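Coordinates as given in entry29.txt (compact mmCIF, C-alpha atoms and all ligand atoms):
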# COMPACT_ATOMS: atom_id res chain seq x y z
CA MET A 1223 -11.43 38.67 -13.53
CA PRO A 1224 -7.64 38.97 -13.20
CA THR A 1225 -5.76 35.68 -12.82
CA PRO A 1226 -4.80 35.36 -9.14
CA GLU A 1227 -1.07 35.38 -8.46
CA PHE A 1228 -0.75 32.00 -6.84
CA SER A 1229 1.79 31.37 -4.12
CA SER A 1230 4.89 29.32 -4.78
CA ASN A 1231 3.22 26.64 -2.59
CA VAL A 1232 0.86 25.72 -5.40
CA ALA A 1233 2.26 27.40 -8.50
CA GLN A 1234 3.57 24.09 -9.87
CA LEU A 1235 0.61 22.01 -8.69
CA GLU A 1236 -1.49 20.26 -11.32
CA ALA A 1237 -4.94 18.73 -10.83
CA SER A 1238 -5.01 15.00 -10.10
CA PRO A 1239 -5.05 13.46 -13.59
CA THR A 1240 -6.88 10.33 -12.42
CA LEU A 1241 -9.69 12.32 -10.82
CA ALA A 1242 -9.79 14.73 -13.78
CA LEU A 1243 -10.24 11.93 -16.30
CA ALA A 1244 -12.90 10.23 -14.19
CA ALA A 1245 -14.77 13.54 -13.99
CA ARG A 1246 -14.56 13.92 -17.76
CA ALA A 1247 -15.94 10.40 -18.30
CA ARG A 1248 -18.78 11.13 -15.85
CA LYS A 1249 -19.62 14.35 -17.71
CA LEU A 1250 -19.69 12.55 -21.07
CA LYS A 1251 -22.05 9.95 -19.56
CA ALA A 1252 -24.30 12.69 -18.17
CA ASP A 1253 -24.37 14.21 -21.66
CA GLY A 1254 -25.72 10.93 -23.01
CA VAL A 1255 -22.50 9.38 -24.41
CA ASP A 1256 -22.32 5.63 -23.80
CA VAL A 1257 -18.85 5.65 -22.19
CA VAL A 1258 -17.21 2.51 -20.80
CA ASP A 1259 -15.34 4.06 -17.89
CA LEU A 1260 -12.19 2.14 -16.96
CA SER A 1261 -10.33 5.29 -15.90
CA ALA A 1262 -10.22 5.88 -12.14
CA GLY A 1263 -8.99 3.19 -9.79
CA GLU A 1264 -12.23 2.62 -8.00
CA PRO A 1265 -13.97 -0.66 -7.23
CA GLN A 1266 -17.40 0.13 -8.65
CA TYR A 1267 -19.27 -1.96 -6.08
CA PRO A 1268 -21.28 -1.05 -2.96
CA ALA A 1269 -19.67 -0.71 0.47
CA PRO A 1270 -20.23 -3.62 2.92
CA ALA A 1271 -23.81 -3.22 4.19
CA TYR A 1272 -22.82 -3.93 7.82
CA ALA A 1273 -20.29 -1.08 7.70
CA ALA A 1274 -22.65 1.39 6.01
CA ARG A 1275 -25.33 0.64 8.63
CA ALA A 1276 -22.91 1.33 11.50
CA GLY A 1277 -22.34 4.89 10.24
CA ILE A 1278 -26.05 5.51 9.77
CA ARG A 1279 -26.78 4.14 13.24
CA ALA A 1280 -24.15 6.42 14.79
CA VAL A 1281 -25.79 9.47 13.21
CA GLU A 1282 -29.24 8.34 14.33
CA GLU A 1283 -27.93 7.88 17.86
CA GLY A 1284 -26.75 11.48 17.83
CA LYS A 1285 -23.02 10.72 17.63
CA THR A 1286 -22.41 13.80 15.54
CA GLY A 1287 -19.87 15.79 17.57
CA TYR A 1288 -16.23 16.37 16.68
CA PRO A 1289 -14.36 13.09 16.79
CA PRO A 1290 -10.90 13.16 18.43
CA THR A 1291 -8.45 14.68 15.93
CA ALA A 1292 -6.36 11.53 15.45
CA GLY A 1293 -9.46 9.35 15.03
CA LEU A 1294 -12.14 7.65 17.14
CA PRO A 1295 -10.53 5.40 19.78
CA GLU A 1296 -12.62 2.45 18.56
CA LEU A 1297 -11.37 2.97 15.00
CA ARG A 1298 -7.71 3.34 15.98
CA ASP A 1299 -8.14 0.23 18.07
CA ALA A 1300 -9.83 -1.67 15.19
CA ILE A 1301 -7.01 -0.67 12.80
CA ALA A 1302 -4.32 -1.82 15.24
CA ARG A 1303 -6.14 -5.13 15.76
CA TYR A 1304 -6.68 -5.58 12.01
CA LEU A 1305 -2.95 -5.18 11.42
CA ARG A 1306 -2.10 -7.58 14.24
CA GLU A 1307 -4.51 -10.12 12.75
CA THR A 1308 -3.42 -9.80 9.10
CA THR A 1309 0.33 -9.17 9.33
CA ALA A 1310 3.18 -10.77 11.26
CA SER A 1311 3.39 -7.81 13.63
CA ALA A 1312 1.98 -8.68 17.04
CA THR A 1313 2.72 -5.31 18.58
CA VAL A 1314 0.83 -2.63 16.64
CA ASP A 1315 -0.94 -0.44 19.16
CA PRO A 1316 -3.53 2.33 18.73
CA ALA A 1317 -1.08 5.09 19.75
CA SER A 1318 0.84 4.44 16.54
CA VAL A 1319 -2.28 4.92 14.35
CA ILE A 1320 -3.67 8.16 12.91
CA VAL A 1321 -6.85 8.34 10.85
CA GLY A 1322 -7.25 10.85 8.04
CA ALA A 1323 -9.55 11.67 5.13
CA GLY A 1324 -8.21 8.91 2.89
CA VAL A 1325 -4.67 7.71 2.31
CA LYS A 1326 -4.20 10.92 0.38
CA GLN A 1327 -4.52 13.08 3.47
CA ALA A 1328 -2.56 10.69 5.68
CA LEU A 1329 0.25 10.71 3.12
CA PHE A 1330 0.17 14.48 2.79
CA ASN A 1331 0.38 14.92 6.56
CA CYS A 1332 3.21 12.44 6.77
CA CYS A 1333 5.24 14.09 3.99
CA TYR A 1334 4.54 17.57 5.35
CA ALA A 1335 5.66 16.50 8.82
CA LEU A 1336 8.87 14.81 7.64
CA PHE A 1337 10.17 16.57 4.52
CA GLU A 1338 11.14 20.09 3.55
CA PRO A 1339 13.00 22.01 0.84
CA GLY A 1340 16.43 20.51 0.31
CA HIS A 1341 15.24 16.96 0.99
CA GLU A 1342 14.93 14.31 -1.71
CA VAL A 1343 12.35 11.54 -1.73
CA LEU A 1344 12.81 8.52 -4.00
CA VAL A 1345 9.74 7.58 -6.04
CA PRO A 1346 9.93 4.42 -8.16
CA ALA A 1347 8.14 4.76 -11.54
CA PRO A 1348 5.56 3.90 -12.77
CA TYR A 1349 4.04 5.70 -9.78
CA TRP A 1350 0.63 6.87 -8.60
CA PRO A 1351 0.59 10.52 -9.78
CA SER A 1352 -0.16 11.92 -6.33
CA TYR A 1353 3.22 10.76 -4.94
CA PRO A 1354 5.39 13.33 -6.73
CA ALA A 1355 2.64 15.93 -6.28
CA ILE A 1356 2.38 15.42 -2.50
CA VAL A 1357 6.14 15.19 -2.00
CA GLY A 1358 6.41 18.42 -3.99
CA LEU A 1359 3.88 20.14 -1.70
CA SER A 1360 6.15 19.42 1.26
CA GLY A 1361 8.90 21.36 -0.53
CA ALA A 1362 11.06 18.26 -1.02
CA GLU A 1363 12.13 17.05 -4.43
CA PRO A 1364 10.68 13.79 -5.77
CA VAL A 1365 13.51 11.80 -7.37
CA VAL A 1366 12.11 9.33 -9.86
CA ILE A 1367 13.71 5.90 -10.24
CA ASP A 1368 12.67 4.07 -13.37
CA THR A 1369 11.68 0.47 -13.08
CA GLY A 1370 10.26 -1.18 -16.15
CA TRP A 1371 8.68 -4.02 -18.02
CA ASP A 1372 11.89 -6.11 -18.09
CA THR A 1373 12.31 -5.97 -14.30
CA ALA A 1374 8.62 -6.66 -13.62
CA PHE A 1375 8.34 -3.03 -12.45
CA LEU A 1376 10.33 -3.75 -9.27
CA PRO A 1377 12.98 -1.40 -7.88
CA SER A 1378 16.26 -3.00 -6.82
CA VAL A 1379 18.45 -2.01 -3.88
CA GLU A 1380 21.17 -1.17 -6.44
CA ASP A 1381 18.80 1.26 -8.22
CA LEU A 1382 17.94 2.90 -4.91
CA GLU A 1383 21.57 3.12 -3.83
CA ALA A 1384 22.52 4.68 -7.17
CA ALA A 1385 19.92 7.42 -6.64
CA ARG A 1386 20.78 8.07 -2.98
CA THR A 1387 22.51 11.36 -2.09
CA PRO A 1388 23.25 13.04 1.26
CA HIS A 1389 19.86 14.76 0.83
CA THR A 1390 17.77 11.59 0.51
CA ARG A 1391 15.22 11.48 3.34
CA GLY A 1392 12.43 9.30 2.07
CA LEU A 1393 11.33 6.45 -0.17
CA MET A 1394 7.81 5.79 -1.44
CA LEU A 1395 6.82 2.16 -1.77
CA ASN A 1396 3.54 0.88 -3.18
CA SER A 1397 2.94 -2.86 -3.28
CA PRO A 1398 0.78 -4.10 -4.92
CA GLY A 1399 1.43 -1.11 -7.12
CA ASN A 1400 -0.76 1.33 -8.93
CA PRO A 1401 -0.67 1.29 -11.95
CA THR A 1402 1.31 -1.93 -12.53
CA GLY A 1403 -0.09 -4.42 -10.01
CA ALA A 1404 3.49 -5.46 -9.20
CA VAL A 1405 4.03 -7.05 -5.79
CA ILE A 1406 7.37 -6.61 -4.03
CA PRO A 1407 8.46 -10.08 -2.82
CA GLY A 1408 9.19 -10.46 0.90
CA ASP A 1409 12.97 -10.87 0.59
CA LEU A 1410 13.30 -7.79 -1.64
CA LEU A 1411 11.09 -5.82 0.74
CA ARG A 1412 13.33 -6.84 3.64
CA ASP A 1413 16.48 -5.85 1.74
CA ILE A 1414 14.98 -2.46 0.86
CA LEU A 1415 13.91 -1.80 4.46
CA MET A 1416 17.35 -2.77 5.80
CA TRP A 1417 19.03 -0.53 3.22
CA ALA A 1418 16.76 2.39 4.18
CA ASP A 1419 17.39 1.82 7.88
CA ARG A 1420 21.17 1.83 7.35
CA HIS A 1421 20.90 5.24 5.70
CA GLY A 1422 18.29 6.84 7.99
CA ILE A 1423 15.74 7.00 5.18
CA TRP A 1424 12.00 7.10 5.95
CA VAL A 1425 10.01 4.44 4.09
CA LEU A 1426 6.40 5.36 3.38
CA SER A 1427 4.73 2.13 2.37
CA ASP A 1428 1.35 2.64 0.71
CA GLU A 1429 -0.39 -0.71 1.16
CA ILE A 1430 -3.86 0.31 -0.01
CA TYR A 1431 -3.97 -2.72 -2.38
CA ARG A 1432 -2.35 -5.19 0.06
CA ARG A 1433 -5.43 -7.39 0.42
CA LEU A 1434 -6.10 -7.37 -3.34
CA SER A 1435 -3.53 -9.91 -4.49
CA TYR A 1436 -4.06 -12.90 -6.74
CA ASP A 1437 -1.02 -15.04 -6.27
CA GLY A 1438 -0.65 -15.43 -2.51
CA PRO A 1439 -0.64 -12.62 0.07
CA ALA A 1440 1.27 -9.43 -0.73
CA PRO A 1441 3.93 -8.87 1.96
CA SER A 1442 3.46 -5.85 4.24
CA VAL A 1443 6.28 -3.89 5.81
CA PHE A 1444 4.75 -5.14 9.06
CA ASP A 1445 5.60 -8.69 8.00
CA VAL A 1446 9.30 -7.78 8.03
CA ALA A 1447 10.95 -8.13 11.42
CA GLU A 1448 14.06 -6.19 10.33
CA ARG A 1449 12.25 -2.97 9.50
CA GLY A 1450 13.69 0.16 11.07
CA GLU A 1451 12.05 2.78 13.25
CA ARG A 1452 11.50 5.03 10.25
CA THR A 1453 8.82 2.90 8.62
CA VAL A 1454 5.30 4.17 8.04
CA LEU A 1455 2.47 2.00 6.75
CA LEU A 1456 -0.40 3.70 4.91
CA ASP A 1457 -3.69 2.03 4.13
CA GLY A 1458 -7.36 2.83 3.88
CA LEU A 1459 -10.87 1.67 3.14
CA SER A 1460 -11.17 2.86 -0.48
CA LYS A 1461 -10.13 -0.33 -2.26
CA ALA A 1462 -10.44 -3.60 -0.32
CA PHE A 1463 -13.62 -2.37 1.38
CA CYS A 1464 -15.12 -0.50 -1.58
CA MET A 1465 -15.56 2.66 0.51
CA PRO A 1466 -13.76 5.44 -1.43
CA GLY A 1467 -16.56 7.95 -0.80
CA PHE A 1468 -16.25 7.49 2.97
CA ARG A 1469 -12.78 9.08 2.74
CA ILE A 1470 -11.04 7.06 5.42
CA GLY A 1471 -7.33 6.26 5.37
CA TYR A 1472 -4.69 5.86 8.03
CA ALA A 1473 -0.99 5.94 8.76
CA VAL A 1474 0.78 3.72 11.27
CA GLY A 1475 4.21 4.78 12.47
CA PRO A 1476 6.24 6.00 15.43
CA PRO A 1477 3.96 7.66 18.04
CA ASP A 1478 5.96 10.93 17.94
CA LEU A 1479 5.32 11.24 14.21
CA VAL A 1480 1.67 10.32 14.68
CA ARG A 1481 1.32 13.07 17.31
CA LYS A 1482 2.85 15.67 14.99
CA MET A 1483 0.59 14.55 12.15
CA SER A 1484 -2.36 14.89 14.51
CA ASP A 1485 -1.27 18.44 15.43
CA LEU A 1486 -1.15 19.27 11.72
CA GLN A 1487 -4.56 17.71 11.19
CA GLY A 1488 -5.91 19.64 14.18
CA GLN A 1489 -4.96 22.89 12.47
CA THR A 1490 -6.31 21.91 9.06
CA THR A 1491 -9.27 19.50 8.91
CA SER A 1492 -9.89 18.60 12.59
CA GLY A 1493 -9.77 15.00 11.44
CA ALA A 1494 -11.79 12.61 9.30
CA VAL A 1495 -15.58 12.68 9.00
CA GLY A 1496 -17.26 11.16 12.09
CA PRO A 1497 -19.97 8.92 10.57
CA SER A 1498 -17.41 7.47 8.15
CA GLN A 1499 -15.19 6.60 11.07
CA TYR A 1500 -17.99 4.59 12.72
CA SER A 1501 -18.47 2.75 9.43
CA ALA A 1502 -14.74 2.09 9.11
CA ALA A 1503 -14.54 0.82 12.71
CA ALA A 1504 -17.26 -1.71 11.89
CA ALA A 1505 -15.72 -2.64 8.52
CA LEU A 1506 -12.38 -3.51 10.11
CA GLY A 1507 -13.50 -4.48 13.60
CA GLU A 1508 -15.93 -7.27 12.78
CA SER A 1509 -13.29 -9.78 11.70
CA GLY A 1510 -15.63 -12.50 10.41
CA ALA A 1511 -17.67 -10.17 8.18
CA ARG A 1512 -14.49 -8.33 7.19
CA GLU A 1513 -12.64 -11.40 5.96
CA ALA A 1514 -15.74 -12.73 4.16
CA PHE A 1515 -16.13 -9.39 2.33
CA VAL A 1516 -12.48 -9.25 1.28
CA ALA A 1517 -12.47 -12.91 0.17
CA ASP A 1518 -15.57 -12.33 -1.99
CA LEU A 1519 -14.09 -9.23 -3.55
CA VAL A 1520 -10.77 -10.91 -4.30
CA SER A 1521 -12.45 -13.87 -6.00
CA LYS A 1522 -14.62 -11.51 -8.07
CA LEU A 1523 -11.56 -9.46 -9.08
CA ALA A 1524 -9.54 -12.59 -9.86
CA ARG A 1525 -12.27 -13.70 -12.31
CA LEU A 1526 -12.36 -10.24 -13.91
CA ARG A 1527 -8.59 -10.22 -14.18
CA ASP A 1528 -8.60 -13.53 -16.05
CA LEU A 1529 -11.54 -12.55 -18.25
CA GLY A 1530 -9.98 -9.19 -19.14
CA LEU A 1531 -6.47 -10.52 -19.67
CA THR A 1532 -7.54 -13.14 -22.16
CA ALA A 1533 -9.35 -10.51 -24.21
CA PHE A 1534 -6.60 -7.94 -23.70
CA ASN A 1535 -3.77 -10.13 -24.80
CA GLY A 1536 -5.69 -11.13 -27.93
CA ILE A 1537 -5.16 -7.56 -29.16
CA GLY A 1538 -1.83 -7.35 -30.92
CA ALA A 1539 -1.34 -3.60 -30.51
CA ILE A 1540 -1.15 -3.70 -26.73
CA GLU A 1541 0.23 -6.21 -24.24
CA ALA A 1542 -0.11 -6.58 -20.46
CA LYS A 1543 1.54 -8.75 -17.84
CA PRO A 1544 -0.87 -10.51 -15.47
CA PRO A 1545 -1.05 -8.11 -12.50
CA ASP A 1546 -0.15 -9.85 -9.22
CA GLY A 1547 -2.37 -7.46 -7.30
CA ALA A 1548 -4.44 -4.23 -7.34
CA LEU A 1549 -7.11 -3.65 -9.99
CA TYR A 1550 -5.44 -2.56 -13.19
CA PHE A 1551 -4.16 -3.83 -16.49
CA TYR A 1552 -1.13 -1.79 -17.40
CA GLY A 1553 -0.83 -2.34 -21.13
CA ARG A 1554 2.27 -1.55 -23.17
CA LEU A 1555 1.62 -0.21 -26.65
CA ALA A 1556 3.40 -2.28 -29.27
CA ASP A 1557 4.29 0.82 -31.31
CA PRO A 1558 7.16 2.45 -29.38
CA ALA A 1559 6.62 5.72 -31.27
CA ALA A 1560 2.96 6.05 -30.24
CA SER A 1561 1.99 8.72 -27.70
CA SER A 1562 -0.15 7.05 -25.03
CA LEU A 1563 -1.70 10.43 -24.24
CA ALA A 1564 -2.89 10.70 -27.85
CA VAL A 1565 -4.04 7.06 -28.00
CA ALA A 1566 -6.04 7.42 -24.76
CA GLU A 1567 -7.67 10.56 -26.13
CA GLN A 1568 -8.54 8.78 -29.39
CA LEU A 1569 -9.92 5.82 -27.46
CA LEU A 1570 -12.20 8.13 -25.52
CA VAL A 1571 -13.37 10.19 -28.48
CA GLU A 1572 -13.61 7.44 -31.11
CA ALA A 1573 -14.43 4.32 -29.08
CA SER A 1574 -15.95 5.85 -25.92
CA VAL A 1575 -13.58 3.93 -23.65
CA ALA A 1576 -12.05 5.94 -20.82
CA CYS A 1577 -8.62 4.76 -19.62
CA MET A 1578 -5.55 6.46 -18.19
CA PRO A 1579 -2.51 7.20 -20.35
CA GLY A 1580 0.92 6.28 -18.94
CA GLU A 1581 2.38 9.80 -18.94
CA PRO A 1582 1.02 10.94 -15.54
CA PHE A 1583 2.38 7.69 -14.04
CA GLY A 1584 5.85 8.57 -15.25
CA SER A 1585 5.82 5.93 -17.99
CA PRO A 1586 4.73 6.99 -21.47
CA GLY A 1587 3.80 4.23 -23.88
CA TYR A 1588 1.34 2.51 -21.54
CA LEU A 1589 -2.41 2.61 -20.92
CA ARG A 1590 -4.05 1.76 -17.59
CA PHE A 1591 -7.45 0.10 -17.36
CA ASN A 1592 -9.38 -0.36 -14.09
CA PHE A 1593 -10.91 -3.83 -14.21
CA ALA A 1594 -12.94 -3.52 -10.97
CA VAL A 1595 -16.21 -3.07 -12.85
CA GLU A 1596 -19.10 -5.41 -13.64
CA PRO A 1597 -18.13 -8.28 -16.02
CA GLU A 1598 -20.41 -7.05 -18.83
CA VAL A 1599 -18.81 -3.58 -18.63
CA LEU A 1600 -15.34 -5.09 -18.88
CA GLU A 1601 -16.39 -7.30 -21.79
CA GLU A 1602 -17.87 -4.34 -23.64
CA GLY A 1603 -14.70 -2.34 -22.97
CA MET A 1604 -12.50 -5.14 -24.31
CA THR A 1605 -14.67 -5.53 -27.43
CA ARG A 1606 -14.39 -1.81 -28.14
CA LEU A 1607 -10.66 -1.96 -27.55
CA ALA A 1608 -10.27 -4.84 -30.00
CA ASP A 1609 -12.37 -2.97 -32.61
CA PHE A 1610 -10.39 0.22 -32.06
CA PHE A 1611 -7.00 -1.41 -32.52
CA GLY A 1612 -8.39 -3.48 -35.40
N1 LIG B 1 -2.69 5.20 -2.93
C1 LIG B 1 -2.86 4.60 -4.11
C2 LIG B 1 -1.77 3.76 -4.66
C3 LIG B 1 -4.05 4.78 -4.84
O1 LIG B 1 -4.20 4.19 -6.01
C4 LIG B 1 -5.05 5.61 -4.30
C5 LIG B 1 -6.27 5.85 -5.13
N2 LIG B 1 -7.40 5.97 -4.52
C6 LIG B 1 -4.82 6.21 -3.07
C7 LIG B 1 -3.64 5.98 -2.40
C8 LIG B 1 -5.80 7.14 -2.44
O2 LIG B 1 -6.71 6.52 -1.69
P1 LIG B 1 -7.73 7.26 -0.73
O3 LIG B 1 -9.05 7.12 -1.37
O4 LIG B 1 -7.61 6.49 0.56
O5 LIG B 1 -7.29 8.68 -0.57
N1 LIG B 2 -6.26 6.21 -6.93
C1 LIG B 2 -7.26 6.04 -7.92
C2 LIG B 2 -6.60 6.06 -9.29
O1 LIG B 2 -5.44 5.90 -9.39
C3 LIG B 2 -8.41 7.01 -7.78
C4 LIG B 2 -8.16 8.44 -8.12
C5 LIG B 2 -7.14 9.06 -7.23
O2 LIG B 2 -7.36 9.12 -6.02
O3 LIG B 2 -6.10 9.42 -7.76
O4 LIG B 2 -7.26 6.20 -10.28
Could you render the structure as structure tokens?
Amino acid sequence: MPTPEFSSNVAQLEASPTLALAARARKLKADGVDVVDLSAGEPQYPAPAYAARAGIRAVEEGKTGYPPTAGLPELRDAIARYLRETTASATVDPASVIVGAGVKQALFNCCYALFEPGHEVLVPAPYWPSYPAIVGLSGAEPVVIDTGWDTAFLPSVEDLEAARTPHTRGLMLNSPGNPTGAVIPGDLLRDILMWADRHGIWVLSDEIYRRLSYDGPAPSVFDVAERGERTVLLDGLSKAFCMPGFRIGYAVGPPDLVRKMSDLQGQTTSGAVGPSQYSAAAALGESGAREAFVADLVSKLARLRDLGLTAFNGIGAIEAKPPDGALYFYGRLADPAASSLAVAEQLLVEASVACMPGEPFGSPGYLRFNFAVEPEVLEEGMTRLADFFG
């Protein structure tokens, strides 16, 4: 078969490295290899039973027609209420909410609706690999700003200002961050939002790990009174509610933008899967069950974080800061000449531990480990890691 001549839309596009590595680990397992899989960022626990049941019930009741393109009214309403109840914003209303198939789709729609060739979008590194990929699909140029170990992986307003040009239209924020777990403190977040507002820059704030924080709540852009009109919050059910397979995410922003994103969605996917939306509406809407589920998950993850860190930092060849949030250890290799891509490959082949190398996150020299697994899996992974590094 001849190789198709791909369009310039996708010629530069690479497969998601996180999903690709997870698929490789799954394949090795299916082939009988005893892999400890700490690769993809996925809480490996069941969805809340009350939420799963709500989706099943909806199907059994025959609620299987097309949902409204922007999302079921009860889900948009539950999201707006959830944000009013868990952030300082008392005014979020359902018209500013759009539901998509995961944060990934919501983010794609948002970037596609706002950016185009000639625009630049600032992306602090280390970053989730899909940010530059999705910005690139809109035609805009992702402009990477390095943060690093010495600055606790936080961007400063000075760094952002130094990278700003007349073409800068957007800024990606992700706090708590993947892969570092870094949390942007409230005063820095406010300064960044005020800076962006002064320069007419859209801030896309991916808060998918907001509820997973270990040292006090992680501030949301909706906690900041001084945020400008061009602020979009993105969140979803994949992490704090252990529902990645339901594929539900959402964006909250100005109603005009939400309407345009809905038009785009109406011409592409017709919206997110119906039964999943009923499950998500229950997950977020039943506040008592919701908060109990999140509190349980956070205490479980906090224990895993402590357990893993102690083991991790006993290994001289790699060092990690305690992550303030999210579900990863982002370990720095002690040997500055080592290729993290090669070390991750060796770890998989020789020690059967799957982790993510730092390169696709824009930060070579690091390895990322998902710690949202069962304690015995994490312990086994850490033992293999210690043996591997000797
Ligand atoms: N944002 C970040 C920072 C992530 O780590 C992930 C990984 N799942 C996503 C978004 C995508 O989430 P979703 O499953 O909602 O598409
Ligand atoms: N976001 C997760 C990760 O970083 C899951 C895979 C993906 O969606 O990229 O591993």
Identify, on the basis of all atoms listed in the file, every residue whose closest approach to Leu1589 of chain A does not exceed 12 Å; exclude the query and any residue fewer than 5 positions from it along the same chain; express the result as a ChimeraX atom specification.
/A:1260-1261,1348,1401-1402,1534,1539-1542,1550-1556,1560-1567,1569,1575-1584,1607
Exercise: residues within 12 Å of coordinate (-15.5, 15.5, 15.8), counting all atoms listed in the file, as a PDB file with C-alpha atoms, in the coordinates of the input:
ATOM      1  CA  LYS A1285     -23.020  10.720  17.630  1.00  0.00           C
ATOM      2  CA  THR A1286     -22.410  13.800  15.540  1.00  0.00           C
ATOM      3  CA  GLY A1287     -19.870  15.790  17.570  1.00  0.00           C
ATOM      4  CA  TYR A1288     -16.230  16.370  16.680  1.00  0.00           C
ATOM      5  CA  PRO A1289     -14.360  13.090  16.790  1.00  0.00           C
ATOM      6  CA  PRO A1290     -10.900  13.160  18.430  1.00  0.00           C
ATOM      7  CA  THR A1291      -8.450  14.680  15.930  1.00  0.00           C
ATOM      8  CA  ALA A1292      -6.360  11.530  15.450  1.00  0.00           C
ATOM      9  CA  GLY A1293      -9.460   9.350  15.030  1.00  0.00           C
ATOM     10  CA  LEU A1294     -12.140   7.650  17.140  1.00  0.00           C
ATOM     11  CA  PRO A1295     -10.530   5.400  19.780  1.00  0.00           C
ATOM     12  CA  GLY A1488      -5.910  19.640  14.180  1.00  0.00           C
ATOM     13  CA  THR A1491      -9.270  19.500   8.910  1.00  0.00           C
ATOM     14  CA  SER A1492      -9.890  18.600  12.590  1.00  0.00           C
ATOM     15  CA  GLY A1493      -9.770  15.000  11.440  1.00  0.00           C
ATOM     16  CA  ALA A1494     -11.790  12.610   9.300  1.00  0.00           C
ATOM     17  CA  VAL A1495     -15.580  12.680   9.000  1.00  0.00           C
ATOM     18  CA  GLY A1496     -17.260  11.160  12.090  1.00  0.00           C
ATOM     19  CA  PRO A1497     -19.970   8.920  10.570  1.00  0.00           C
ATOM     20  CA  SER A1498     -17.410   7.470   8.150  1.00  0.00           C
ATOM     21  CA  GLN A1499     -15.190   6.600  11.070  1.00  0.00           C
ATOM     22  CA  TYR A1500     -17.990   4.590  12.720  1.00  0.00           C
TER      23      TYR A1500
END
Pick from A:Leu1359, A:Phe1228, A:Glu1307, A:Tyr1334 nearest to Met1483 of chain A, counting all atoms listed in the file
A:Tyr1334
Mind pulling up the distance from atom CA of Leu1479 of chain A to atom CA of Arg1452 of chain A?
9.6 Å
Neighbour list for segment 1408-1415 of chain A as an mmCIF file with C-alpha atoms, keeping the file's coordinate frame, cut-off 7 Å, all atoms listed in the file, skip fewer than 5 positions in-chain:
data_model
loop_
_atom_site.group_PDB
_atom_site.id
_atom_site.type_symbol
_atom_site.label_atom_id
_atom_site.label_comp_id
_atom_site.auth_asym_id
_atom_site.auth_seq_id
_atom_site.Cartn_x
_atom_site.Cartn_y
_atom_site.Cartn_z
ATOM 1 C CA VAL A 1379 18.450 -2.010 -3.880
ATOM 2 C CA PRO A 1441 3.930 -8.870 1.960
ATOM 3 C CA VAL A 1446 9.300 -7.780 8.030
ATOM 4 C CA GLU A 1448 14.060 -6.190 10.330
ATOM 5 C CA ARG A 1449 12.250 -2.970 9.500
ATOM 6 C CA GLY A 1450 13.690 0.160 11.070
#
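Closest approach to ligand LIG 1 (chain B) among A:Ala1573, A:Val1405, A:Ala1310, A:Leu1395 is made by A:Leu1395 (distances from all atoms listed in the file).
The smallest atom-to-atom distance between Val1343 of chain A and any of A:Tyr1436, A:Trp1424, A:Phe1463, A:Tyr1272, using all atoms listed in the file, is found for A:Trp1424.
Proximity of A:Val1454, A:Ala1244, A:Ala1280, A:Leu1329 to Pro1477 of chain A, computed with only C-alpha atoms, is greatest for A:Val1454.
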Lys1251 of chain A environment, 12 Å, only C-alpha atoms, sequence neighbours closer than 5 positions dropped, as an MDAnalysis selection string:
chainID A and resid 1244:1246 1256:1259 1570 1574:1576
Residues within 8 Å of ligand LIG 2 (chain B) (all atoms listed in the file), as number ranges by chain?
A: 1238-1241, 1244, 1261-1264, 1326, 1350-1352, 1400-1401, 1592
With distances taken over only C-alpha atoms and all ligand atoms, which residue among A:Ile1430, A:Leu1549, A:Ala1233, A:Ala1276 lies nearest ligand LIG 1 (chain B)?
A:Ile1430
Near-ligand residues for ligand LIG 1 (chain B), threshold 9 Å, all atoms listed in the file, as a CSV table (one decimal) with C-alpha atoms, in the coordinates of the input:
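Once everything was written out, this is out.csv:
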chain,number,residue,atom,x,y,z
A,1240,THR,CA,-6.9,10.3,-12.4
A,1262,ALA,CA,-10.2,5.9,-12.1
A,1263,GLY,CA,-9.0,3.2,-9.8
A,1264,GLU,CA,-12.2,2.6,-8.0
A,1322,GLY,CA,-7.2,10.8,8.0
A,1323,ALA,CA,-9.6,11.7,5.1
A,1324,GLY,CA,-8.2,8.9,2.9
A,1325,VAL,CA,-4.7,7.7,2.3
A,1326,LYS,CA,-4.2,10.9,0.4
A,1327,GLN,CA,-4.5,13.1,3.5
A,1328,ALA,CA,-2.6,10.7,5.7
A,1329,LEU,CA,0.2,10.7,3.1
A,1349,TYR,CA,4.0,5.7,-9.8
A,1350,TRP,CA,0.6,6.9,-8.6
A,1351,PRO,CA,0.6,10.5,-9.8
A,1352,SER,CA,-0.2,11.9,-6.3
A,1353,TYR,CA,3.2,10.8,-4.9
A,1396,ASN,CA,3.5,0.9,-3.2
A,1397,SER,CA,2.9,-2.9,-3.3
A,1398,PRO,CA,0.8,-4.1,-4.9
A,1399,GLY,CA,1.4,-1.1,-7.1
A,1400,ASN,CA,-0.8,1.3,-8.9
A,1401,PRO,CA,-0.7,1.3,-12.0
A,1428,ASP,CA,1.4,2.6,0.7
A,1429,GLU,CA,-0.4,-0.7,1.2
A,1430,ILE,CA,-3.9,0.3,0.0
A,1431,TYR,CA,-4.0,-2.7,-2.4
A,1456,LEU,CA,-0.4,3.7,4.9
A,1457,ASP,CA,-3.7,2.0,4.1
A,1458,GLY,CA,-7.4,2.8,3.9
A,1459,LEU,CA,-10.9,1.7,3.1
A,1460,SER,CA,-11.2,2.9,-0.5
A,1461,LYS,CA,-10.1,-0.3,-2.3
A,1465,MET,CA,-15.6,2.7,0.5
A,1466,PRO,CA,-13.8,5.4,-1.4
A,1467,GLY,CA,-16.6,8.0,-0.8
A,1468,PHE,CA,-16.2,7.5,3.0
A,1469,ARG,CA,-12.8,9.1,2.7
A,1470,ILE,CA,-11.0,7.1,5.4
A,1471,GLY,CA,-7.3,6.3,5.4
A,1472,TYR,CA,-4.7,5.9,8.0
A,1548,ALA,CA,-4.4,-4.2,-7.3
